[in-house]
Amino acid sequence: MGAPAGAEAVITAEGVAMRFGARTVFRDVSFSVRRGEVFVILGGSGCGKSTLLKLLIGLHPPSAGRIAVLGAEWGDLGGAARRALLRRIGVMWQSGALLGSLTLAENVMLPIEAHTTLPEEARRLIALSKLGLVGLGDAADRLPAEISGGMMKRAGIARAMALDPEILFLDEPSAGLDPITSAGLDALILSLARQTGTTFVVVTHELQSILAIGDRCIMLDKEAQGLIAEGDPKALRESATHPVVRAFFRREAPAEAGAAGG
Ligand SMILES: Nc1ncnc2c1ncn2[C@@H]1O[C@H](COP(=O)(O)OP(=O)(O)O)[C@@H](O)[C@H]1O
Ligand SMILES: [Mg+2]
């Protein structure tokens, strides 16, 4: 299993709401993420998973509530403290493409160049070690166009890990991958979490991934405008009583159309 139950919280969300104009995406969202665990945010398309991720990494302030990351609330931080906190987290967006004109190693070197004054050889050594971690040690000098979709995701993870983040946020990492490649990516995420102690926050709506990697999860729902489940995914599969949660985890036809789809 992942983090011990007593591990410190690296993220705490309390009463978080997000509205766009008159439209409430979610409200009253409270949860915490413990150091070293793989925490999954799940739910159907449009329920606010990516929006929640943006709040967690301080891209937007929530409409209500508080979010603390590694002991600090984004809203309390000035420019320098904010940059310092940003350096301690890594993000791979759903659309997080590699730059096509750069090799994989050069792509991974980009954030190191942006955030440190290390000389080029040192940057390259770090990039090669991160590519090695994700199984791409032999592909460092290839261009994105020369590798598969699964390898691109791995390279994206290597880039997000370039600065040794304490928390790594992944938005639908297996989107667009076939089931076998997707299972390989899950195995990689799990082994990185266990090997490096990095905390992972992973957005997904794929049941297999959730069961394979999630120490704990929360489930958002569009209709409910908030959380409908929290806990160990395997326990939720066994004993969830909420009809939408149950339908999703047991792959039953949902009571209402669209409840658990992607
Ligand atoms: N900047 C924005 N302005 C207005 N509405 C937005 C904005 N970002 C997201 N939304 C809306 O919030 C809802 C949740 O979006 P999103 O977080 O992308 O869902 P998910 O990632 O779960 O598919 C959607 O209805 C989306 O249209
Ligand atoms: Mg999304």
# chains A, B, ... in the order shown; residues from 1 in each chain; ligands from 1
>>> select_by_dssp(residues="region 22-260 of chain A", states="alpha helix (DSSP H)", output="ChimeraX atom specification")
/A:49-56,79-87,104-115,120-133,149-160,179-196,207-213,233-239,243-249
>>> residues_near_ligand(ligand="ligand 1", cutoff="6 Å", atoms="only C-alpha atoms and all ligand atoms", output="ChimeraX atom specification")
/A:20,25,45-51
>>> residues_near_ligand(ligand="ligand 2", cutoff="12 Å", atoms="only C-alpha atoms and all ligand atoms", output="MDAnalysis selection string")
chainID A and resid 41:54 92:95 170:173 175 202:205 220 262
>>> write_last_selection(atoms="C-alpha atoms", output="CSV table (one decimal), in the first residue's frame")
chain,number,residue,atom,x,y,z
A,41,ILE,CA,-9.7,12.5,-8.7
A,42,LEU,CA,-12.4,10.8,-10.8
A,43,GLY,CA,-15.7,11.6,-12.3
A,44,GLY,CA,-17.5,11.9,-15.7
A,45,SER,CA,-16.7,14.4,-18.4
A,46,GLY,CA,-17.4,18.0,-17.4
A,47,CYS,CA,-17.7,17.4,-13.6
A,48,GLY,CA,-14.8,19.7,-12.8
A,49,LYS,CA,-11.8,17.5,-12.5
A,50,SER,CA,-9.4,19.7,-14.5
A,51,THR,CA,-10.9,22.8,-12.8
A,52,LEU,CA,-10.2,21.3,-9.4
A,53,LEU,CA,-6.6,20.5,-10.5
A,54,LYS,CA,-6.1,24.2,-11.6
A,92,MET,CA,1.4,17.2,-16.7
A,93,TRP,CA,-1.7,18.5,-18.5
A,94,GLN,CA,-4.1,16.5,-20.5
A,95,SER,CA,-2.9,18.4,-23.6
A,170,LEU,CA,-1.3,14.3,-13.9
A,171,ASP,CA,-4.5,15.2,-15.8
A,172,GLU,CA,-5.8,12.1,-17.6
A,173,PRO,CA,-2.4,10.6,-18.4
A,175,ALA,CA,-6.3,9.5,-22.4
A,202,VAL,CA,-4.0,11.8,-10.8
A,203,VAL,CA,-7.2,12.8,-12.7
A,204,THR,CA,-8.8,9.9,-14.6
A,205,HIS,CA,-12.2,8.4,-15.4
A,220,LEU,CA,-16.9,14.4,-8.4
A,262,GLY,CA,-16.1,9.8,-20.0
>>> residues_around(residues="Ala9 (chain A)", least_positions_apart="2", cutoff="12 Å", atoms="only C-alpha atoms", output="ChimeraX atom specification")
/A:3-7,11-13,31-37,39,67-72,167,199
>>> residues_around(residues="region 111-118 of chain A", least_positions_apart="3", cutoff="8 Å", atoms="only C-alpha atoms", output="NGL selection string")
:A and (87 or 108 or 122-123 or 159 or 162-163)
>>> write_last_selection(atoms="N, CA and C atoms", output="PDB file, in the first residue's frame")
ATOM      1  N   ARG A  87       7.824  25.573  -7.696  1.00  0.00           N
ATOM      2  CA  ARG A  87       8.994  24.736  -7.989  1.00  0.00           C
ATOM      3  C   ARG A  87       8.913  23.383  -7.313  1.00  0.00           C
ATOM      4  N   VAL A 108      12.996  17.707 -21.600  1.00  0.00           N
ATOM      5  CA  VAL A 108      13.076  17.552 -20.140  1.00  0.00           C
ATOM      6  C   VAL A 108      13.987  18.626 -19.531  1.00  0.00           C
ATOM      7  N   ALA A 122      25.078  19.670 -16.815  1.00  0.00           N
ATOM      8  CA  ALA A 122      24.352  19.234 -15.616  1.00  0.00           C
ATOM      9  C   ALA A 122      22.871  19.065 -15.943  1.00  0.00           C
ATOM     10  N   ARG A 123      22.348  19.989 -16.737  1.00  0.00           N
ATOM     11  CA  ARG A 123      20.927  19.890 -17.115  1.00  0.00           C
ATOM     12  C   ARG A 123      20.685  18.611 -17.901  1.00  0.00           C
ATOM     13  N   ARG A 159       9.511  15.050 -17.857  1.00  0.00           N
ATOM     14  CA  ARG A 159       9.646  16.514 -17.838  1.00  0.00           C
ATOM     15  C   ARG A 159       9.007  17.094 -16.574  1.00  0.00           C
ATOM     16  N   ALA A 162      11.297  16.799 -13.643  1.00  0.00           N
ATOM     17  CA  ALA A 162      12.660  17.306 -13.842  1.00  0.00           C
ATOM     18  C   ALA A 162      13.227  17.962 -12.590  1.00  0.00           C
ATOM     19  N   LEU A 163      12.391  18.668 -11.838  1.00  0.00           N
ATOM     20  CA  LEU A 163      12.881  19.407 -10.674  1.00  0.00           C
ATOM     21  C   LEU A 163      12.560  18.679  -9.367  1.00  0.00           C
TER      22      LEU A 163
END
>>> select_by_dssp(residues="region 163-260 of chain A", states="strand (DSSP E or B)", output="list in words")
Ile167, Leu168, Phe169, Leu170, Asp171, Thr199, Phe200, Val201, Val202, Val203, Thr204, Arg216, Cys217, Ile218, Met219, Leu220, Asp221, Gly226, Leu227, Ile228, Ala229, Glu230 and Gly231 of chain A
>>> write_last_selection(atoms="N, CA, C and O atoms", output="tab-separated table (two decimals), in the first residue's frame")
chain	number	residue	atom	x	y	z
A	167	ILE	N	5.03	16.87	-5.17
A	167	ILE	CA	3.71	16.43	-5.62
A	167	ILE	C	3.67	16.52	-7.13
A	167	ILE	O	4.07	17.53	-7.71
A	168	LEU	N	3.21	15.46	-7.76
A	168	LEU	CA	3.10	15.45	-9.22
A	168	LEU	C	1.62	15.31	-9.60
A	168	LEU	O	0.94	14.37	-9.17
A	169	PHE	N	1.12	16.28	-10.37
A	169	PHE	CA	-0.28	16.29	-10.80
A	169	PHE	C	-0.36	15.81	-12.25
A	169	PHE	O	0.34	16.37	-13.11
A	170	LEU	N	-1.18	14.81	-12.51
A	170	LEU	CA	-1.32	14.28	-13.87
A	170	LEU	C	-2.78	14.36	-14.27
A	170	LEU	O	-3.64	13.77	-13.62
A	171	ASP	N	-3.07	15.08	-15.37
A	171	ASP	CA	-4.46	15.21	-15.82
A	171	ASP	C	-4.71	14.20	-16.94
A	171	ASP	O	-4.19	14.35	-18.04
A	199	THR	N	4.35	12.27	-4.10
A	199	THR	CA	2.89	12.16	-3.98
A	199	THR	C	2.30	12.39	-5.36
A	199	THR	O	2.68	13.34	-6.05
A	200	PHE	N	1.39	11.53	-5.78
A	200	PHE	CA	0.75	11.69	-7.09
A	200	PHE	C	-0.72	12.06	-6.92
A	200	PHE	O	-1.43	11.43	-6.13
A	201	VAL	N	-1.16	13.06	-7.66
A	201	VAL	CA	-2.58	13.39	-7.75
A	201	VAL	C	-2.95	13.19	-9.22
A	201	VAL	O	-2.45	13.89	-10.09
A	202	VAL	N	-3.76	12.17	-9.47
A	202	VAL	CA	-4.02	11.75	-10.84
A	202	VAL	C	-5.51	11.89	-11.17
A	202	VAL	O	-6.36	11.34	-10.46
A	203	VAL	N	-5.81	12.64	-12.21
A	203	VAL	CA	-7.18	12.75	-12.69
A	203	VAL	C	-7.42	11.67	-13.74
A	203	VAL	O	-6.61	11.50	-14.66
A	204	THR	N	-8.50	10.93	-13.57
A	204	THR	CA	-8.81	9.92	-14.57
A	204	THR	C	-10.28	9.56	-14.48
A	204	THR	O	-10.94	9.87	-13.50
A	216	ARG	N	-6.19	6.23	-2.52
A	216	ARG	CA	-7.48	6.80	-2.14
A	216	ARG	C	-7.98	7.63	-3.31
A	216	ARG	O	-7.22	8.01	-4.19
A	217	CYS	N	-9.27	7.91	-3.32
A	217	CYS	CA	-9.83	8.69	-4.41
A	217	CYS	C	-10.96	9.57	-3.91
A	217	CYS	O	-11.50	9.35	-2.82
A	218	ILE	N	-11.29	10.57	-4.72
A	218	ILE	CA	-12.56	11.27	-4.55
A	218	ILE	C	-13.28	11.20	-5.87
A	218	ILE	O	-12.65	11.15	-6.94
A	219	MET	N	-14.59	11.18	-5.82
A	219	MET	CA	-15.38	11.16	-7.05
A	219	MET	C	-16.26	12.41	-7.08
A	219	MET	O	-17.04	12.67	-6.16
A	220	LEU	N	-16.10	13.18	-8.16
A	220	LEU	CA	-16.93	14.37	-8.39
A	220	LEU	C	-18.10	13.99	-9.27
A	220	LEU	O	-18.01	13.07	-10.08
A	221	ASP	N	-19.19	14.72	-9.12
A	221	ASP	CA	-20.36	14.46	-9.95
A	221	ASP	C	-20.97	15.78	-10.39
A	221	ASP	O	-21.13	16.70	-9.58
A	226	GLY	N	-20.53	18.36	-6.79
A	226	GLY	CA	-19.56	18.18	-5.72
A	226	GLY	C	-19.18	16.73	-5.55
A	226	GLY	O	-19.37	15.91	-6.46
A	227	LEU	N	-18.64	16.40	-4.37
A	227	LEU	CA	-18.16	15.05	-4.09
A	227	LEU	C	-19.31	14.09	-3.82
A	227	LEU	O	-20.23	14.42	-3.09
A	228	ILE	N	-19.23	12.91	-4.41
A	228	ILE	CA	-20.21	11.88	-4.06
A	228	ILE	C	-19.54	10.66	-3.43
A	228	ILE	O	-20.22	9.76	-2.97
A	229	ALA	N	-18.20	10.63	-3.41
A	229	ALA	CA	-17.52	9.52	-2.75
A	229	ALA	C	-16.10	9.92	-2.39
A	229	ALA	O	-15.50	10.78	-3.04
A	230	GLU	N	-15.59	9.28	-1.34
A	230	GLU	CA	-14.19	9.47	-0.95
A	230	GLU	C	-13.74	8.18	-0.28
A	230	GLU	O	-14.48	7.61	0.52
A	231	GLY	N	-12.54	7.72	-0.61
A	231	GLY	CA	-12.03	6.56	0.09
A	231	GLY	C	-11.15	5.67	-0.77
A	231	GLY	O	-10.71	6.06	-1.85
>>> atom_distance(atom1="CA of Ala22 (chain A)", atom2="CA of Lys222 (chain A)")
15.0 Å
>>> residues_around(residues="Thr103 (chain A)", least_positions_apart="4", cutoff="8 Å", atoms="only C-alpha atoms", output="PyMOL selection string")
chain A and resi 107+140-144
>>> residues_around(residues="Leu236 (chain A)", least_positions_apart="5", cutoff="8 Å", atoms="only C-alpha atoms", output="MDAnalysis selection string")
chainID A and resid 231 245:246 249
>>> write_last_selection(atoms="all heavy atoms", output="PDB file, in the first residue's frame")
ATOM      1  N   GLY A 231     -12.541   7.722  -0.614  1.00  0.00           N
ATOM      2  CA  GLY A 231     -12.033   6.556   0.092  1.00  0.00           C
ATOM      3  C   GLY A 231     -11.153   5.673  -0.769  1.00  0.00           C
ATOM      4  O   GLY A 231     -10.708   6.062  -1.851  1.00  0.00           O
ATOM      5  N   VAL A 245     -22.053   6.076  -7.726  1.00  0.00           N
ATOM      6  CA  VAL A 245     -20.740   5.549  -7.342  1.00  0.00           C
ATOM      7  C   VAL A 245     -20.711   4.044  -7.561  1.00  0.00           C
ATOM      8  O   VAL A 245     -19.778   3.481  -8.143  1.00  0.00           O
ATOM      9  CB  VAL A 245     -20.439   5.867  -5.850  1.00  0.00           C
ATOM     10  CG1 VAL A 245     -19.082   5.312  -5.446  1.00  0.00           C
ATOM     11  CG2 VAL A 245     -20.520   7.367  -5.603  1.00  0.00           C
ATOM     12  N   ARG A 246     -21.774   3.405  -7.112  1.00  0.00           N
ATOM     13  CA  ARG A 246     -21.900   1.958  -7.238  1.00  0.00           C
ATOM     14  C   ARG A 246     -21.901   1.536  -8.714  1.00  0.00           C
ATOM     15  O   ARG A 246     -21.204   0.603  -9.109  1.00  0.00           O
ATOM     16  CB  ARG A 246     -23.222   1.555  -6.581  1.00  0.00           C
ATOM     17  CG  ARG A 246     -23.308   0.115  -6.212  1.00  0.00           C
ATOM     18  CD  ARG A 246     -24.653  -0.170  -5.543  1.00  0.00           C
ATOM     19  NE  ARG A 246     -24.964  -1.571  -5.758  1.00  0.00           N
ATOM     20  CZ  ARG A 246     -24.436  -2.535  -5.024  1.00  0.00           C
ATOM     21  NH1 ARG A 246     -23.626  -2.251  -4.031  1.00  0.00           N
ATOM     22  NH2 ARG A 246     -24.715  -3.793  -5.298  1.00  0.00           N
ATOM     23  N   PHE A 249     -18.275   1.912 -10.097  1.00  0.00           N
ATOM     24  CA  PHE A 249     -17.283   0.948  -9.615  1.00  0.00           C
ATOM     25  C   PHE A 249     -17.628  -0.494  -9.954  1.00  0.00           C
ATOM     26  O   PHE A 249     -16.757  -1.340 -10.030  1.00  0.00           O
ATOM     27  CB  PHE A 249     -17.066   1.108  -8.106  1.00  0.00           C
ATOM     28  CG  PHE A 249     -16.102   2.203  -7.780  1.00  0.00           C
ATOM     29  CD1 PHE A 249     -16.551   3.467  -7.452  1.00  0.00           C
ATOM     30  CD2 PHE A 249     -14.729   1.980  -7.843  1.00  0.00           C
ATOM     31  CE1 PHE A 249     -15.653   4.487  -7.171  1.00  0.00           C
ATOM     32  CE2 PHE A 249     -13.824   2.989  -7.566  1.00  0.00           C
ATOM     33  CZ  PHE A 249     -14.295   4.250  -7.231  1.00  0.00           C
TER      34      PHE A 249
END
>>> closest_residue(among="A:Pro233, A:Asp215, A:Leu190, A:Arg88", to="Val10 (chain A)", atoms="only C-alpha atoms")
A:Arg88
>>> closest_residue(among="A:Ser101, A:Gly21, A:Val16, A:Met109", to="Ala64 (chain A)", atoms="only C-alpha atoms")
A:Val16
>>> residues_around(residues="Ile180 (chain A)", least_positions_apart="4", cutoff="12 Å", atoms="only C-alpha atoms", output="number ranges by chain")
A: 150, 174, 176, 184-187, 208-209
>>> write_last_selection(atoms="N, CA, C and O atoms", output="compact mmCIF listing (two decimals), in the first residue's frame")
# COMPACT_ATOMS: atom_id res chain seq x y z
N GLY A 150 2.44 6.33 -26.05
CA GLY A 150 2.77 5.94 -24.68
C GLY A 150 4.13 6.48 -24.25
O GLY A 150 4.30 6.93 -23.11
N SER A 174 -3.70 8.69 -19.21
CA SER A 174 -3.86 7.59 -20.16
C SER A 174 -4.88 7.90 -21.26
O SER A 174 -5.21 7.02 -22.06
N GLY A 176 -6.46 8.54 -24.58
CA GLY A 176 -6.03 8.29 -25.94
C GLY A 176 -5.09 7.10 -26.10
O GLY A 176 -4.65 6.81 -27.21
N GLY A 184 0.54 -0.14 -18.78
CA GLY A 184 1.98 0.08 -18.59
C GLY A 184 2.25 1.41 -17.91
O GLY A 184 3.12 1.53 -17.05
N LEU A 185 1.47 2.41 -18.30
CA LEU A 185 1.63 3.74 -17.70
C LEU A 185 1.23 3.70 -16.22
O LEU A 185 1.88 4.31 -15.37
N ASP A 186 0.16 2.96 -15.91
CA ASP A 186 -0.24 2.79 -14.52
C ASP A 186 0.88 2.16 -13.70
O ASP A 186 1.17 2.60 -12.59
N ALA A 187 1.49 1.12 -14.25
CA ALA A 187 2.58 0.44 -13.54
C ALA A 187 3.73 1.41 -13.31
O ALA A 187 4.35 1.41 -12.24
N GLN A 208 -10.17 0.87 -14.50
CA GLN A 208 -9.01 -0.03 -14.34
C GLN A 208 -7.83 0.71 -13.71
O GLN A 208 -7.16 0.18 -12.83
N SER A 209 -7.59 1.94 -14.18
CA SER A 209 -6.48 2.74 -13.64
C SER A 209 -6.71 3.05 -12.17
O SER A 209 -5.79 2.96 -11.36
>>> atom_distance(atom1="CA of Leu131 (chain A)", atom2="CA of Ala158 (chain A)")
5.6 Å
>>> atom_distance(atom1="CA of Glu8 (chain A)", atom2="CA of Pro62 (chain A)")
23.3 Å
>>> closest_residue(among="A:Arg194, A:Ser30, A:Gly58, A:Gly132", to="Arg83 (chain A)", atoms="only C-alpha atoms")
A:Gly58
